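Asker: What follows is structure.txt; its format and atoms are compact mmCIF, N, CA and C atoms.
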```txt
# COMPACT_ATOMS: atom_id res chain seq x y z
N MET Y 1 -6.31 30.55 -12.13
CA MET Y 1 -5.40 29.46 -11.90
C MET Y 1 -6.20 28.25 -11.40
N VAL Y 2 -5.88 27.06 -11.92
CA VAL Y 2 -6.55 25.83 -11.52
C VAL Y 2 -5.86 25.27 -10.28
N SER Y 3 -6.65 24.83 -9.34
CA SER Y 3 -6.11 24.23 -8.12
C SER Y 3 -6.47 22.74 -8.11
N ILE Y 4 -5.45 21.89 -8.04
CA ILE Y 4 -5.66 20.45 -8.01
C ILE Y 4 -6.09 20.05 -6.60
N LYS Y 5 -7.15 19.26 -6.52
CA LYS Y 5 -7.70 18.87 -5.22
C LYS Y 5 -7.49 17.39 -4.90
N GLN Y 6 -7.21 16.57 -5.91
CA GLN Y 6 -7.08 15.15 -5.68
C GLN Y 6 -5.82 14.62 -6.33
N VAL Y 7 -5.26 13.58 -5.73
CA VAL Y 7 -4.13 12.89 -6.33
C VAL Y 7 -4.42 11.39 -6.28
N GLN Y 8 -3.78 10.67 -7.17
CA GLN Y 8 -3.80 9.22 -7.16
C GLN Y 8 -2.36 8.78 -6.97
N ILE Y 9 -2.14 7.79 -6.15
CA ILE Y 9 -0.80 7.25 -5.93
C ILE Y 9 -0.72 5.95 -6.72
N THR Y 10 0.29 5.84 -7.58
CA THR Y 10 0.44 4.67 -8.45
C THR Y 10 1.64 3.85 -8.02
N PHE Y 11 1.42 2.53 -7.92
CA PHE Y 11 2.46 1.57 -7.59
C PHE Y 11 2.75 0.73 -8.82
N ASP Y 12 4.01 0.58 -9.19
CA ASP Y 12 4.40 -0.44 -10.17
C ASP Y 12 4.53 -1.75 -9.41
N CYS Y 13 4.02 -2.84 -9.99
CA CYS Y 13 4.06 -4.12 -9.29
C CYS Y 13 3.89 -5.27 -10.27
N ALA Y 14 4.14 -6.47 -9.80
CA ALA Y 14 3.99 -7.67 -10.61
C ALA Y 14 2.57 -8.22 -10.53
N GLU Y 15 1.93 -8.10 -9.37
CA GLU Y 15 0.60 -8.66 -9.14
C GLU Y 15 -0.33 -7.59 -8.59
N PRO Y 16 -0.93 -6.79 -9.47
CA PRO Y 16 -1.74 -5.66 -9.02
C PRO Y 16 -2.87 -6.02 -8.06
N VAL Y 17 -3.57 -7.09 -8.31
CA VAL Y 17 -4.70 -7.45 -7.44
C VAL Y 17 -4.21 -7.80 -6.05
N ARG Y 18 -3.14 -8.56 -5.97
CA ARG Y 18 -2.58 -8.95 -4.66
C ARG Y 18 -2.15 -7.73 -3.87
N VAL Y 19 -1.48 -6.79 -4.52
CA VAL Y 19 -1.00 -5.60 -3.83
C VAL Y 19 -2.18 -4.70 -3.44
N ALA Y 20 -3.18 -4.59 -4.32
CA ALA Y 20 -4.37 -3.80 -4.00
C ALA Y 20 -5.11 -4.38 -2.81
N ARG Y 21 -5.21 -5.70 -2.75
CA ARG Y 21 -5.88 -6.34 -1.60
C ARG Y 21 -5.12 -6.06 -0.31
N PHE Y 22 -3.78 -6.13 -0.36
CA PHE Y 22 -2.96 -5.85 0.82
C PHE Y 22 -3.24 -4.43 1.32
N TRP Y 23 -3.14 -3.44 0.43
CA TRP Y 23 -3.32 -2.05 0.85
C TRP Y 23 -4.76 -1.75 1.27
N SER Y 24 -5.71 -2.45 0.69
CA SER Y 24 -7.10 -2.30 1.13
C SER Y 24 -7.23 -2.71 2.59
N GLU Y 25 -6.59 -3.80 2.95
CA GLU Y 25 -6.62 -4.27 4.35
C GLU Y 25 -5.88 -3.31 5.27
N VAL Y 26 -4.73 -2.84 4.84
CA VAL Y 26 -3.93 -1.93 5.66
C VAL Y 26 -4.70 -0.66 5.98
N LEU Y 27 -5.32 -0.07 4.95
CA LEU Y 27 -5.91 1.26 5.08
C LEU Y 27 -7.42 1.27 5.27
N GLY Y 28 -8.06 0.10 5.22
CA GLY Y 28 -9.52 0.07 5.30
C GLY Y 28 -10.15 0.57 4.02
N TYR Y 29 -9.43 0.46 2.92
CA TYR Y 29 -9.93 0.87 1.61
C TYR Y 29 -10.77 -0.25 0.99
N VAL Y 30 -11.43 0.07 -0.10
CA VAL Y 30 -12.24 -0.89 -0.83
C VAL Y 30 -11.59 -1.12 -2.18
N ALA Y 31 -11.33 -2.38 -2.48
CA ALA Y 31 -10.76 -2.73 -3.78
C ALA Y 31 -11.87 -2.68 -4.83
N SER Y 32 -11.60 -2.02 -5.93
CA SER Y 32 -12.58 -1.90 -7.00
C SER Y 32 -12.42 -3.06 -7.97
N LEU Y 33 -13.55 -3.52 -8.51
CA LEU Y 33 -13.55 -4.55 -9.53
C LEU Y 33 -13.66 -3.91 -10.90
N PRO Y 34 -13.17 -4.59 -11.94
CA PRO Y 34 -13.35 -4.06 -13.30
C PRO Y 34 -14.83 -4.00 -13.64
N ASP Y 35 -15.22 -2.98 -14.40
CA ASP Y 35 -16.62 -2.82 -14.80
C ASP Y 35 -17.12 -4.07 -15.52
N GLY Y 36 -18.30 -4.52 -15.11
CA GLY Y 36 -18.95 -5.65 -15.77
C GLY Y 36 -18.54 -7.01 -15.25
N PHE Y 37 -17.72 -7.07 -14.21
CA PHE Y 37 -17.26 -8.35 -13.69
C PHE Y 37 -17.56 -8.44 -12.19
N ALA Y 38 -17.97 -9.65 -11.76
CA ALA Y 38 -18.30 -9.87 -10.36
C ALA Y 38 -17.07 -10.14 -9.51
N THR Y 39 -16.02 -10.70 -10.13
CA THR Y 39 -14.79 -11.02 -9.41
C THR Y 39 -13.59 -10.77 -10.32
N TRP Y 40 -12.40 -10.69 -9.72
CA TRP Y 40 -11.18 -10.56 -10.51
C TRP Y 40 -10.93 -11.82 -11.32
N ASP Y 41 -11.30 -12.99 -10.77
CA ASP Y 41 -11.13 -14.24 -11.51
C ASP Y 41 -11.97 -14.24 -12.79
N ASP Y 42 -13.22 -13.72 -12.71
CA ASP Y 42 -14.06 -13.62 -13.91
C ASP Y 42 -13.40 -12.73 -14.95
N TYR Y 43 -12.86 -11.63 -14.51
CA TYR Y 43 -12.17 -10.71 -15.42
C TYR Y 43 -10.98 -11.40 -16.07
N ASP Y 44 -10.19 -12.09 -15.25
CA ASP Y 44 -8.99 -12.78 -15.73
C ASP Y 44 -9.34 -13.81 -16.80
N ARG Y 45 -10.42 -14.58 -16.59
CA ARG Y 45 -10.82 -15.60 -17.55
C ARG Y 45 -11.30 -14.99 -18.87
N ALA Y 46 -11.75 -13.75 -18.84
CA ALA Y 46 -12.24 -13.09 -20.05
C ALA Y 46 -11.11 -12.54 -20.93
N LEU Y 47 -9.91 -12.49 -20.41
CA LEU Y 47 -8.77 -11.96 -21.17
C LEU Y 47 -8.28 -12.99 -22.19
N PRO Y 48 -7.68 -12.54 -23.30
CA PRO Y 48 -7.15 -13.48 -24.29
C PRO Y 48 -6.01 -14.30 -23.71
N PRO Y 49 -5.78 -15.50 -24.25
CA PRO Y 49 -4.65 -16.32 -23.79
C PRO Y 49 -3.34 -15.53 -23.85
N GLY Y 50 -2.54 -15.70 -22.85
CA GLY Y 50 -1.27 -14.99 -22.76
C GLY Y 50 -1.37 -13.61 -22.14
N LYS Y 51 -2.58 -13.13 -21.93
CA LYS Y 51 -2.79 -11.81 -21.33
C LYS Y 51 -3.45 -11.90 -19.96
N GLN Y 52 -3.62 -13.14 -19.45
CA GLN Y 52 -4.26 -13.28 -18.16
C GLN Y 52 -3.46 -12.58 -17.08
N GLY Y 53 -4.16 -12.22 -16.06
CA GLY Y 53 -3.55 -11.45 -14.99
C GLY Y 53 -3.83 -9.99 -15.27
N PRO Y 54 -4.62 -9.35 -14.45
CA PRO Y 54 -5.01 -7.97 -14.72
C PRO Y 54 -3.82 -7.03 -14.82
N ALA Y 55 -3.93 -6.07 -15.72
CA ALA Y 55 -2.88 -5.08 -15.91
C ALA Y 55 -2.90 -4.03 -14.82
N GLY Y 56 -4.01 -3.94 -14.10
CA GLY Y 56 -4.10 -2.95 -13.05
C GLY Y 56 -5.18 -3.29 -12.05
N ALA Y 57 -5.13 -2.63 -10.92
CA ALA Y 57 -6.14 -2.78 -9.87
C ALA Y 57 -6.20 -1.46 -9.12
N VAL Y 58 -7.34 -1.23 -8.49
CA VAL Y 58 -7.57 0.03 -7.79
C VAL Y 58 -8.14 -0.25 -6.41
N CYS Y 59 -7.75 0.56 -5.45
CA CYS Y 59 -8.47 0.59 -4.17
C CYS Y 59 -8.62 2.05 -3.76
N ALA Y 60 -9.71 2.30 -3.06
CA ALA Y 60 -10.03 3.69 -2.72
C ALA Y 60 -10.62 3.77 -1.33
N ASP Y 61 -10.44 4.92 -0.72
CA ASP Y 61 -11.02 5.22 0.58
C ASP Y 61 -12.53 5.30 0.43
N PRO Y 62 -13.29 4.47 1.14
CA PRO Y 62 -14.74 4.51 0.98
C PRO Y 62 -15.36 5.85 1.38
N SER Y 63 -14.67 6.61 2.22
CA SER Y 63 -15.19 7.92 2.62
C SER Y 63 -14.87 8.99 1.58
N GLY Y 64 -13.94 8.69 0.68
CA GLY Y 64 -13.53 9.66 -0.32
C GLY Y 64 -12.48 10.65 0.17
N ALA Y 65 -12.08 10.55 1.43
CA ALA Y 65 -11.12 11.50 1.99
C ALA Y 65 -9.68 11.22 1.57
N GLY Y 66 -9.31 9.95 1.50
CA GLY Y 66 -7.94 9.59 1.18
C GLY Y 66 -7.71 9.46 -0.31
N PRO Y 67 -6.46 9.42 -0.74
CA PRO Y 67 -6.17 9.30 -2.16
C PRO Y 67 -6.50 7.91 -2.70
N ARG Y 68 -6.84 7.85 -3.96
CA ARG Y 68 -7.06 6.60 -4.68
C ARG Y 68 -5.68 5.97 -4.92
N LEU Y 69 -5.59 4.65 -4.78
CA LEU Y 69 -4.35 3.94 -5.07
C LEU Y 69 -4.55 3.10 -6.32
N TYR Y 70 -3.62 3.22 -7.26
CA TYR Y 70 -3.67 2.45 -8.49
C TYR Y 70 -2.43 1.58 -8.56
N PHE Y 71 -2.62 0.32 -8.93
CA PHE Y 71 -1.53 -0.64 -9.00
C PHE Y 71 -1.44 -1.13 -10.44
N GLN Y 72 -0.30 -0.86 -11.08
CA GLN Y 72 -0.14 -1.23 -12.48
C GLN Y 72 0.93 -2.30 -12.63
N ARG Y 73 0.61 -3.31 -13.43
CA ARG Y 73 1.57 -4.39 -13.67
C ARG Y 73 2.67 -3.90 -14.59
N VAL Y 74 3.89 -4.18 -14.18
CA VAL Y 74 5.06 -3.87 -15.00
C VAL Y 74 5.93 -5.13 -15.07
N PRO Y 75 6.70 -5.28 -16.14
CA PRO Y 75 7.48 -6.51 -16.30
C PRO Y 75 8.71 -6.59 -15.40
N GLU Y 76 9.29 -5.44 -15.06
CA GLU Y 76 10.52 -5.46 -14.27
C GLU Y 76 10.19 -5.52 -12.78
N GLY Y 77 11.09 -6.12 -12.02
CA GLY Y 77 10.93 -6.19 -10.58
C GLY Y 77 11.51 -4.96 -9.90
N LYS Y 78 11.24 -4.85 -8.63
CA LYS Y 78 11.77 -3.75 -7.83
C LYS Y 78 13.26 -4.02 -7.57
N VAL Y 79 14.10 -3.02 -7.81
CA VAL Y 79 15.53 -3.22 -7.64
C VAL Y 79 16.20 -2.24 -6.67
N VAL Y 80 15.55 -1.13 -6.38
CA VAL Y 80 16.14 -0.15 -5.46
C VAL Y 80 15.09 0.32 -4.46
N LYS Y 81 15.55 1.02 -3.46
CA LYS Y 81 14.65 1.59 -2.44
C LYS Y 81 13.69 2.59 -3.09
N ASN Y 82 12.47 2.60 -2.58
CA ASN Y 82 11.48 3.59 -3.06
C ASN Y 82 12.00 5.00 -2.83
N ARG Y 83 11.72 5.89 -3.77
CA ARG Y 83 12.02 7.31 -3.56
C ARG Y 83 10.85 8.01 -2.91
N VAL Y 84 9.67 7.42 -3.02
CA VAL Y 84 8.46 7.92 -2.37
C VAL Y 84 7.85 6.74 -1.64
N HIS Y 85 7.32 6.98 -0.46
CA HIS Y 85 6.67 5.90 0.28
C HIS Y 85 5.48 6.45 1.05
N LEU Y 86 4.62 5.54 1.48
CA LEU Y 86 3.47 5.92 2.30
C LEU Y 86 3.85 5.85 3.77
N ASP Y 87 3.37 6.79 4.55
CA ASP Y 87 3.44 6.73 6.01
C ASP Y 87 2.05 6.38 6.50
N VAL Y 88 1.91 5.25 7.16
CA VAL Y 88 0.64 4.84 7.73
C VAL Y 88 0.61 5.40 9.15
N ARG Y 89 -0.24 6.38 9.39
CA ARG Y 89 -0.21 7.22 10.59
C ARG Y 89 -0.95 6.56 11.76
N VAL Y 90 -0.35 5.59 12.38
CA VAL Y 90 -1.00 4.89 13.50
C VAL Y 90 -0.62 5.46 14.86
N GLY Y 91 0.43 6.26 14.92
CA GLY Y 91 0.89 6.77 16.21
C GLY Y 91 0.72 8.27 16.38
N THR Y 92 -0.08 8.87 15.53
CA THR Y 92 -0.27 10.32 15.58
C THR Y 92 -0.70 10.78 16.97
N GLY Y 93 0.03 11.73 17.53
CA GLY Y 93 -0.30 12.27 18.85
C GLY Y 93 0.25 11.47 20.01
N LEU Y 94 0.83 10.32 19.73
CA LEU Y 94 1.39 9.49 20.79
C LEU Y 94 2.89 9.68 20.86
N VAL Y 95 3.46 9.52 22.05
CA VAL Y 95 4.90 9.64 22.22
C VAL Y 95 5.41 8.51 23.11
N GLY Y 96 6.71 8.32 23.06
CA GLY Y 96 7.36 7.36 23.94
C GLY Y 96 6.84 5.95 23.83
N GLU Y 97 6.68 5.30 24.98
CA GLU Y 97 6.26 3.90 25.02
C GLU Y 97 4.86 3.70 24.44
N GLU Y 98 3.98 4.68 24.62
CA GLU Y 98 2.63 4.56 24.07
C GLU Y 98 2.68 4.51 22.54
N ARG Y 99 3.52 5.33 21.94
CA ARG Y 99 3.68 5.32 20.49
C ARG Y 99 4.29 4.00 20.03
N LEU Y 100 5.34 3.56 20.71
CA LEU Y 100 5.97 2.29 20.34
C LEU Y 100 4.97 1.14 20.41
N ALA Y 101 4.11 1.13 21.42
CA ALA Y 101 3.10 0.08 21.56
C ALA Y 101 2.12 0.12 20.38
N ALA Y 102 1.73 1.32 19.95
CA ALA Y 102 0.81 1.44 18.81
C ALA Y 102 1.47 0.94 17.53
N LEU Y 103 2.74 1.28 17.33
CA LEU Y 103 3.46 0.81 16.14
C LEU Y 103 3.58 -0.71 16.15
N GLU Y 104 3.93 -1.27 17.30
CA GLU Y 104 4.07 -2.73 17.41
C GLU Y 104 2.75 -3.45 17.19
N ALA Y 105 1.66 -2.89 17.71
CA ALA Y 105 0.34 -3.51 17.54
C ALA Y 105 -0.05 -3.52 16.06
N GLU Y 106 0.18 -2.42 15.36
CA GLU Y 106 -0.15 -2.37 13.94
C GLU Y 106 0.75 -3.30 13.13
N CYS Y 107 2.02 -3.36 13.49
CA CYS Y 107 2.94 -4.28 12.83
C CYS Y 107 2.43 -5.72 12.99
N ALA Y 108 2.02 -6.09 14.18
CA ALA Y 108 1.50 -7.44 14.43
C ALA Y 108 0.26 -7.72 13.58
N ARG Y 109 -0.57 -6.73 13.33
CA ARG Y 109 -1.76 -6.90 12.49
C ARG Y 109 -1.38 -7.10 11.02
N LEU Y 110 -0.32 -6.41 10.57
CA LEU Y 110 0.04 -6.43 9.16
C LEU Y 110 0.89 -7.63 8.76
N LEU Y 111 1.64 -8.20 9.68
CA LEU Y 111 2.50 -9.33 9.34
C LEU Y 111 1.72 -10.50 8.73
N PRO Y 112 0.58 -10.91 9.27
CA PRO Y 112 -0.16 -12.01 8.65
C PRO Y 112 -0.72 -11.68 7.26
N LEU Y 113 -0.80 -10.39 6.93
CA LEU Y 113 -1.27 -9.98 5.61
C LEU Y 113 -0.16 -10.06 4.56
N GLY Y 114 1.07 -10.31 5.01
CA GLY Y 114 2.20 -10.40 4.10
C GLY Y 114 3.22 -9.29 4.22
N ALA Y 115 3.00 -8.36 5.14
CA ALA Y 115 3.97 -7.29 5.35
C ALA Y 115 5.25 -7.87 5.96
N VAL Y 116 6.34 -7.17 5.75
CA VAL Y 116 7.63 -7.56 6.31
C VAL Y 116 8.13 -6.44 7.21
N ARG Y 117 8.50 -6.83 8.42
CA ARG Y 117 9.00 -5.85 9.38
C ARG Y 117 10.41 -5.44 9.01
N GLY Y 118 10.68 -4.15 9.14
CA GLY Y 118 12.01 -3.62 8.90
C GLY Y 118 12.57 -3.01 10.17
N LEU Y 119 13.26 -1.93 10.02
CA LEU Y 119 13.97 -1.28 11.10
C LEU Y 119 13.06 -0.39 11.94
N LEU Y 120 13.15 -0.52 13.24
CA LEU Y 120 12.47 0.39 14.16
C LEU Y 120 13.40 1.57 14.38
N LEU Y 121 12.93 2.76 14.03
CA LEU Y 121 13.70 3.98 14.24
C LEU Y 121 13.17 4.64 15.51
N VAL Y 122 13.96 4.59 16.55
CA VAL Y 122 13.53 5.08 17.87
C VAL Y 122 13.70 6.59 17.94
N ALA Y 123 12.83 7.23 18.67
CA ALA Y 123 12.81 8.69 18.79
C ALA Y 123 14.17 9.25 19.17
N ASP Y 124 14.46 10.40 18.60
CA ASP Y 124 15.66 11.15 18.97
C ASP Y 124 15.24 12.59 19.27
N GLU Y 125 16.19 13.51 19.25
CA GLU Y 125 15.87 14.91 19.59
C GLU Y 125 14.97 15.58 18.55
N GLU Y 126 14.97 15.07 17.31
CA GLU Y 126 14.22 15.71 16.23
C GLU Y 126 12.99 14.94 15.76
N ASN Y 127 13.02 13.62 15.84
CA ASN Y 127 11.96 12.80 15.25
C ASN Y 127 11.36 11.85 16.29
N GLU Y 128 10.08 11.56 16.12
CA GLU Y 128 9.43 10.55 16.96
C GLU Y 128 9.65 9.18 16.31
N SER Y 129 9.42 8.13 17.05
CA SER Y 129 9.66 6.77 16.57
C SER Y 129 8.78 6.43 15.38
N CYS Y 130 9.34 5.60 14.47
CA CYS Y 130 8.57 5.01 13.37
C CYS Y 130 9.15 3.64 13.06
N LEU Y 131 8.36 2.85 12.37
CA LEU Y 131 8.76 1.48 12.05
C LEU Y 131 8.71 1.31 10.54
N VAL Y 132 9.86 1.00 9.93
CA VAL Y 132 9.95 0.79 8.49
C VAL Y 132 9.48 -0.63 8.19
N MET Y 133 8.62 -0.76 7.16
CA MET Y 133 8.10 -2.07 6.77
C MET Y 133 8.10 -2.17 5.26
N GLN Y 134 7.74 -3.35 4.74
CA GLN Y 134 7.58 -3.57 3.31
C GLN Y 134 6.24 -4.24 3.06
N ASP Y 135 5.63 -3.90 1.91
CA ASP Y 135 4.38 -4.55 1.54
C ASP Y 135 4.67 -5.90 0.90
N VAL Y 136 3.68 -6.53 0.32
CA VAL Y 136 3.80 -7.88 -0.23
C VAL Y 136 4.73 -7.99 -1.44
N GLU Y 137 5.11 -6.86 -2.03
CA GLU Y 137 6.07 -6.89 -3.14
C GLU Y 137 7.36 -6.13 -2.82
N GLY Y 138 7.58 -5.83 -1.56
CA GLY Y 138 8.82 -5.21 -1.15
C GLY Y 138 8.85 -3.70 -1.18
N ASN Y 139 7.71 -3.06 -1.43
CA ASN Y 139 7.65 -1.58 -1.39
C ASN Y 139 7.71 -1.12 0.06
N GLU Y 140 8.65 -0.22 0.35
CA GLU Y 140 8.80 0.29 1.70
C GLU Y 140 7.65 1.20 2.07
N PHE Y 141 7.27 1.15 3.33
CA PHE Y 141 6.34 2.10 3.93
C PHE Y 141 6.68 2.20 5.40
N CYS Y 142 6.20 3.21 6.05
CA CYS Y 142 6.48 3.41 7.46
C CYS Y 142 5.20 3.39 8.28
N LEU Y 143 5.28 2.77 9.44
CA LEU Y 143 4.27 2.97 10.45
C LEU Y 143 4.76 4.15 11.24
N ASP Y 144 3.95 5.20 11.27
CA ASP Y 144 4.40 6.48 11.78
C ASP Y 144 3.45 6.93 12.89
```
So that I can check it, write out the structure of this file as structure tokens.

Answerer:
Amino acid sequence: MVSIKQVQITFDCAEPVRVARFWSEVLGYVASLPDGFATWDDYDRALPPGKQGPAGAVCADPSGAGPRLYFQRVPEGKVVKNRVHLDVRVGTGLVGEERLAALEAECARLLPLGAVRGLLLVADEENESCLVMQDVEGNEFCLD
């Protein structure tokens, strides 16, 4: 039996490079450039008229431990809540006010990058606090 060891997470989006840059900053990932090009602008200029704007972009964990993220351009916009989302684990092992402070600090770091703050879900009997946010194209994620 074959055992799968790696996964790639794919995002549908309008602007793959912009979204890849956002997630690179969030996660400390490295955005990959297309083979043979020094910048995304160089790649874009090499495309035929009417096809400008990269069809995809990639960012990856430089250590190789985390999953590769792929961003593919699609024509339709986001219309409903994500069925799958990323949890950015900034409060692991923290509880109460210490956890809330960690979530708020990370939220403050991400807002200037284009993230949008959502609902703060405060701890209850079953779950610890988390903060719902959106990336630069409205994809939900949680600071957890």

Asker: I need the residues in range 48-112 of chain Y that are strand (DSSP E) according to DSSP; give them as a ChimeraX atom specification.

Answerer: /Y:56-60,68-73,86-88

Asker: Please identify all polymer residues within 8 Å of range 131-135 of chain Y, counting only N, CA and C atoms, omitting same-chain residues fewer than 2 positions from it, and present them as a list in words.

Answerer: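 Listing them by chain and then by number gives Val19, Phe22, Trp23, Leu103, Glu104, Leu113, Gly114, Ala115, Val116, Arg117, Gly118, Leu119, Leu120, Leu121, Val122, Glu128, Ser129, Glu137, Gly138, Asn139, Glu140, Phe141, Cys142, Leu143 and Asp144 of chain Y.
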
Asker: Compute the distance from (-9.8, 16.0, -5.7) to each atom, counting only C-alpha atoms, keep the residues with any atom at most 12 Å away, and return them as a PDB file with N, CA and C atoms, in the coordinates of the input; use the coordinates of the file.

Answerer:
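Resulting contents of result.pdb:
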```pdb
ATOM      1  N   VAL Y   2      -5.880  27.060 -11.920  1.00  0.00           N
ATOM      2  CA  VAL Y   2      -6.550  25.830 -11.520  1.00  0.00           C
ATOM      3  C   VAL Y   2      -5.860  25.270 -10.280  1.00  0.00           C
ATOM      4  N   SER Y   3      -6.650  24.830  -9.340  1.00  0.00           N
ATOM      5  CA  SER Y   3      -6.110  24.230  -8.120  1.00  0.00           C
ATOM      6  C   SER Y   3      -6.470  22.740  -8.110  1.00  0.00           C
ATOM      7  N   ILE Y   4      -5.450  21.890  -8.040  1.00  0.00           N
ATOM      8  CA  ILE Y   4      -5.660  20.450  -8.010  1.00  0.00           C
ATOM      9  C   ILE Y   4      -6.090  20.050  -6.600  1.00  0.00           C
ATOM     10  N   LYS Y   5      -7.150  19.260  -6.520  1.00  0.00           N
ATOM     11  CA  LYS Y   5      -7.700  18.870  -5.220  1.00  0.00           C
ATOM     12  C   LYS Y   5      -7.490  17.390  -4.900  1.00  0.00           C
ATOM     13  N   GLN Y   6      -7.210  16.570  -5.910  1.00  0.00           N
ATOM     14  CA  GLN Y   6      -7.080  15.150  -5.680  1.00  0.00           C
ATOM     15  C   GLN Y   6      -5.820  14.620  -6.330  1.00  0.00           C
ATOM     16  N   VAL Y   7      -5.260  13.580  -5.730  1.00  0.00           N
ATOM     17  CA  VAL Y   7      -4.130  12.890  -6.330  1.00  0.00           C
ATOM     18  C   VAL Y   7      -4.420  11.390  -6.280  1.00  0.00           C
ATOM     19  N   GLN Y   8      -3.780  10.670  -7.170  1.00  0.00           N
ATOM     20  CA  GLN Y   8      -3.800   9.220  -7.160  1.00  0.00           C
ATOM     21  C   GLN Y   8      -2.360   8.780  -6.970  1.00  0.00           C
ATOM     22  N   GLY Y  64     -13.940   8.690   0.680  1.00  0.00           N
ATOM     23  CA  GLY Y  64     -13.530   9.660  -0.320  1.00  0.00           C
ATOM     24  C   GLY Y  64     -12.480  10.650   0.170  1.00  0.00           C
ATOM     25  N   ALA Y  65     -12.080  10.550   1.430  1.00  0.00           N
ATOM     26  CA  ALA Y  65     -11.120  11.500   1.990  1.00  0.00           C
ATOM     27  C   ALA Y  65      -9.680  11.220   1.570  1.00  0.00           C
ATOM     28  N   GLY Y  66      -9.310   9.950   1.500  1.00  0.00           N
ATOM     29  CA  GLY Y  66      -7.940   9.590   1.180  1.00  0.00           C
ATOM     30  C   GLY Y  66      -7.710   9.460  -0.310  1.00  0.00           C
ATOM     31  N   PRO Y  67      -6.460   9.420  -0.740  1.00  0.00           N
ATOM     32  CA  PRO Y  67      -6.170   9.300  -2.160  1.00  0.00           C
ATOM     33  C   PRO Y  67      -6.500   7.910  -2.700  1.00  0.00           C
ATOM     34  N   ARG Y  68      -6.840   7.850  -3.960  1.00  0.00           N
ATOM     35  CA  ARG Y  68      -7.060   6.600  -4.680  1.00  0.00           C
ATOM     36  C   ARG Y  68      -5.680   5.970  -4.920  1.00  0.00           C
TER      37      ARG Y  68
END
```

Asker: Enumerate, as a PyMOL selection string, the protein, DNA and RNA residues whose atoms approach (5.6, -1.6, -14.9) to within 8 Å, taking into account all atoms listed in the file and the coordinate frame of the file.

Answerer: chain Y and resi 11-14+72-77

Asker: What is the distance, in Å and to one decimal place, between atom C of Val30 in chain Y and CA of Ala60 in chain Y?

Answerer: 5.1 Å

Asker: Pick the closest to Val90 in chain Y from Y:Leu69, Y:Ala105, Y:Ala38, Y:Ala57: which is it, counting only C-alpha atoms?

Answerer: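 Using only C-alpha atoms, the shortest distance to Val90 in chain Y belongs to Y:Ala105.
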
Asker: Can you work out the spacing between CA of Val88 in chain Y and CA of Val26 in chain Y in Å, to one decimal?

Answerer: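 Computed distance, CA of Val88 in chain Y to CA of Val26 in chain Y, equals 8.4 Å.
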
Asker: So what do you get for CA of Asn82 in chain Y versus atom C of Val95 in chain Y, distance-wise?

Answerer: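 Going from CA of Asn82 in chain Y over to atom C of Val95 in chain Y, I get 27.3 Å.
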
Asker: Using all atoms listed in the file, pick whichever of Y:Cys130, Y:Asp124, Y:His85, Y:Lys51 has the shortest atom-to-atom distance to Arg99 in chain Y.

Answerer: Y:Cys130

Asker: Could you work out an axis-aligned box for range 12-17 of chain Y, taking every atom the file lists and adding 8 Å on each side, and report centre and edge lengths in Å to one decimal, as lines of an AutoDock Vina configuration file?

Answerer:
```
center_x = -0.1
center_y = -4.0
center_z = -8.3
size_x = 25.2
size_y = 25.2
size_z = 20.6
```

Asker: Ranking Y:Ala102, Y:Ala108, Y:Val84, Y:Val17 by minimum distance to Ala55 in chain Y and counting only C-alpha atoms, which one comes first?

Answerer: Y:Val17

Asker: I need the residue nearest Gly56 in chain Y from this list: Y:Pro16, Y:Pro34, Y:Pro112, Y:Gly96. Use only C-alpha atoms for the distance.

Answerer: Y:Pro16
